[in-house]
Amino acid sequence: MSLKAGTTTSPTVDEEVKTRRIPPYNVILENDDHHSMEFVIEVLQKALGYSVERSYQFMMQAHTSGQAVVWTGTKEVAELKLEQMLSFHETRDGGKNLGPLGVRIEPAPG
């Protein structure tokens, strides 16, 4: 009994795989005249892990131009960063609670 070796070829398929990019979101710090500069810097350090220097730069950008994009990434992480930043409340002498910073997220342009 003899076996014949056969060759099998698979059809070639030219497929273009397209990766769908997830649109980025910005976390935006808004300027306000209620919170101290020290508090803003502290929140940026604790919530976003920034250095004092970088936090100061973002705080000054928000102070002078009205807002500063402090973080950019996926919507889910941007929402998490927003929640983390909103969890800090400044309390002044006399126990007056000034509440959280003005922060929002929005789709990044582009």
# chains A, B, ... in the order shown; residues from 1 in each chain; ligands from 1
$ residues_around --residues "Ser65 in chain A" --least-positions-apart "4" --cutoff "9 Å" --atoms "only C-alpha atoms" --output "PyMOL selection string"
chain A and resi 31+60-61
$ residues_around --residues "Asp32 in chain A" --least-positions-apart "4" --cutoff "8 Å" --atoms "only C-alpha atoms" --output "list in words"
His63, Leu101 and Gly102 of chain A
$ write_last_selection --atoms "all heavy atoms" --output "mmCIF file, in the first residue's frame"
data_model
loop_
_atom_site.group_PDB
_atom_site.id
_atom_site.type_symbol
_atom_site.label_atom_id
_atom_site.label_comp_id
_atom_site.auth_asym_id
_atom_site.auth_seq_id
_atom_site.Cartn_x
_atom_site.Cartn_y
_atom_site.Cartn_z
ATOM 1 N N HIS A 63 -4.432 79.669 37.136
ATOM 2 C CA HIS A 63 -4.611 80.985 37.752
ATOM 3 C C HIS A 63 -4.539 82.110 36.724
ATOM 4 O O HIS A 63 -5.336 83.049 36.758
ATOM 5 C CB HIS A 63 -3.555 81.181 38.843
ATOM 6 C CG HIS A 63 -3.674 82.463 39.580
ATOM 7 N ND1 HIS A 63 -4.714 82.737 40.450
ATOM 8 C CD2 HIS A 63 -2.890 83.579 39.577
ATOM 9 C CE1 HIS A 63 -4.566 83.954 40.948
ATOM 10 N NE2 HIS A 63 -3.456 84.479 40.431
ATOM 11 N N LEU A 101 -12.025 71.390 44.470
ATOM 12 C CA LEU A 101 -11.571 72.265 43.387
ATOM 13 C C LEU A 101 -12.545 72.209 42.215
ATOM 14 O O LEU A 101 -13.286 71.236 42.062
ATOM 15 C CB LEU A 101 -10.195 71.816 42.880
ATOM 16 C CG LEU A 101 -9.030 71.935 43.846
ATOM 17 C CD1 LEU A 101 -7.775 71.327 43.229
ATOM 18 C CD2 LEU A 101 -8.795 73.380 44.234
ATOM 19 N N GLY A 102 -12.494 73.210 41.384
ATOM 20 C CA GLY A 102 -13.245 73.197 40.138
ATOM 21 C C GLY A 102 -12.473 72.364 39.114
ATOM 22 O O GLY A 102 -11.403 72.770 38.671
#
$ select_by_dssp --residues "chain A" --states "helix (DSSP H, G or I)" --output "ChimeraX atom specification"
/A:37-48,52-65,75-86,93-95
$ residues_around --residues "Ser87 in chain A" --least-positions-apart "2" --cutoff "10 Å" --atoms "only C-alpha atoms" --output "list in words"
Val43, Ala47, Lys81, Leu82, Glu83, Gln84, Met85, His89, Gly99, Pro100 and Leu101 of chain A
$ residues_around --residues "Ala108 in chain A" --least-positions-apart "2" --cutoff "10 Å" --atoms "only C-alpha atoms" --output "number ranges by chain"
A: 23-27, 69, 72-75, 105-106, 110
$ select_by_dssp --residues "chain A" --states "strand (DSSP E)" --output "PyMOL selection string"
chain A and resi 25-30+67-73+90-91+97-99+103-107
$ closest_residue --among "A:Glu15, A:Glu42, A:Asp33, A:Glu90" --to "Phe58 in chain A" --atoms "only C-alpha atoms"
A:Glu42
$ closest_residue --among "A:Met59, A:Arg20, A:Gln67, A:Glu76" --to "Phe39 in chain A" --atoms "only C-alpha atoms"
A:Met59
$ closest_residue --among "A:Asp93, A:Glu30, A:Glu38, A:Glu16" --to "Glu53 in chain A" --atoms "only C-alpha atoms"
A:Glu38
$ decode --residues "range 11-110 of chain A" --atoms "C-alpha atoms" --output "compact mmCIF listing (two decimals), in the first residue's frame"
# COMPACT_ATOMS: atom_id res chain seq x y z
CA PRO A 11 -5.88 30.45 0.69
CA THR A 12 -4.14 33.72 1.30
CA VAL A 13 -6.36 36.46 2.60
CA ASP A 14 -5.24 40.03 2.58
CA GLU A 15 -6.86 41.49 5.65
CA GLU A 16 -6.24 44.95 6.92
CA VAL A 17 -6.58 45.12 10.65
CA LYS A 18 -7.57 48.52 11.87
CA THR A 19 -7.09 49.36 15.51
CA ARG A 20 -9.78 51.62 16.80
CA ARG A 21 -8.23 54.38 18.87
CA ILE A 22 -10.00 55.29 22.05
CA PRO A 23 -10.47 59.04 22.02
CA PRO A 24 -8.53 60.73 24.83
CA TYR A 25 -10.09 62.89 27.53
CA ASN A 26 -8.60 65.87 29.33
CA VAL A 27 -8.86 66.50 33.05
CA ILE A 28 -9.10 70.27 33.37
CA LEU A 29 -8.36 72.29 36.49
CA GLU A 30 -10.37 75.50 36.62
CA ASN A 31 -9.19 78.67 38.29
CA ASP A 32 -11.04 79.81 41.37
CA ASP A 33 -10.47 82.55 43.90
CA HIS A 34 -11.64 80.48 46.88
CA HIS A 35 -8.97 77.81 47.40
CA SER A 36 -5.43 78.52 48.49
CA MET A 37 -2.57 77.94 46.10
CA GLU A 38 -1.08 75.50 48.61
CA PHE A 39 -4.27 73.43 48.59
CA VAL A 40 -4.33 73.25 44.78
CA ILE A 41 -0.68 72.13 44.70
CA GLU A 42 -1.37 69.51 47.40
CA VAL A 43 -4.35 68.06 45.49
CA LEU A 44 -2.34 67.78 42.27
CA GLN A 45 0.45 66.03 44.17
CA LYS A 46 -1.84 63.57 45.97
CA ALA A 47 -4.35 62.82 43.21
CA LEU A 48 -2.02 62.84 40.20
CA GLY A 49 1.35 62.11 41.76
CA TYR A 50 2.98 65.28 40.47
CA SER A 51 6.03 66.97 41.95
CA VAL A 52 5.69 70.28 43.78
CA GLU A 53 7.25 72.05 40.79
CA ARG A 54 4.90 70.53 38.20
CA SER A 55 1.87 71.08 40.44
CA TYR A 56 2.89 74.73 40.88
CA GLN A 57 3.15 75.17 37.10
CA PHE A 58 -0.36 73.74 36.54
CA MET A 59 -1.78 75.86 39.37
CA MET A 60 -0.22 79.02 37.90
CA GLN A 61 -1.46 78.15 34.40
CA ALA A 62 -5.01 77.79 35.73
CA HIS A 63 -4.61 80.99 37.75
CA THR A 64 -3.41 83.09 34.83
CA SER A 65 -5.38 81.60 31.92
CA GLY A 66 -8.52 80.36 33.69
CA GLN A 67 -7.84 76.64 33.28
CA ALA A 68 -5.12 74.04 32.83
CA VAL A 69 -5.18 70.56 31.28
CA VAL A 70 -3.57 68.56 34.09
CA TRP A 71 -3.97 65.03 32.71
CA THR A 72 -4.95 63.33 29.41
CA GLY A 73 -5.90 59.70 28.82
CA THR A 74 -8.80 57.28 28.49
CA LYS A 75 -12.25 58.37 29.59
CA GLU A 76 -12.41 55.79 32.38
CA VAL A 77 -9.10 56.89 33.93
CA ALA A 78 -9.98 60.57 33.44
CA GLU A 79 -13.20 59.95 35.38
CA LEU A 80 -11.20 58.27 38.14
CA LYS A 81 -8.72 61.18 38.30
CA LEU A 82 -11.64 63.61 38.44
CA GLU A 83 -13.23 61.72 41.35
CA GLN A 84 -9.90 61.58 43.18
CA MET A 85 -9.40 65.32 42.82
CA LEU A 86 -12.97 66.04 43.96
CA SER A 87 -12.48 63.94 47.09
CA PHE A 88 -10.23 66.63 48.64
CA HIS A 89 -11.92 69.52 50.44
CA GLU A 90 -10.18 72.56 51.84
CA THR A 91 -11.17 73.60 55.33
CA ARG A 92 -10.19 77.03 56.60
CA ASP A 93 -9.89 78.41 60.11
CA GLY A 94 -13.20 78.25 61.89
CA GLY A 95 -14.08 74.98 60.15
CA LYS A 96 -15.42 76.59 56.98
CA ASN A 97 -15.47 73.90 54.27
CA LEU A 98 -14.61 75.37 50.87
CA GLY A 99 -15.40 72.13 49.08
CA PRO A 100 -13.48 70.59 46.18
CA LEU A 101 -11.57 72.26 43.39
CA GLY A 102 -13.25 73.20 40.14
CA VAL A 103 -12.35 70.27 37.88
CA ARG A 104 -14.00 68.79 34.80
CA ILE A 105 -13.28 66.33 32.02
CA GLU A 106 -13.94 66.76 28.32
CA PRO A 107 -12.87 65.05 25.10
CA ALA A 108 -9.39 66.10 24.02
CA PRO A 109 -9.36 67.98 20.72
CA GLY A 110 -7.89 66.25 17.76
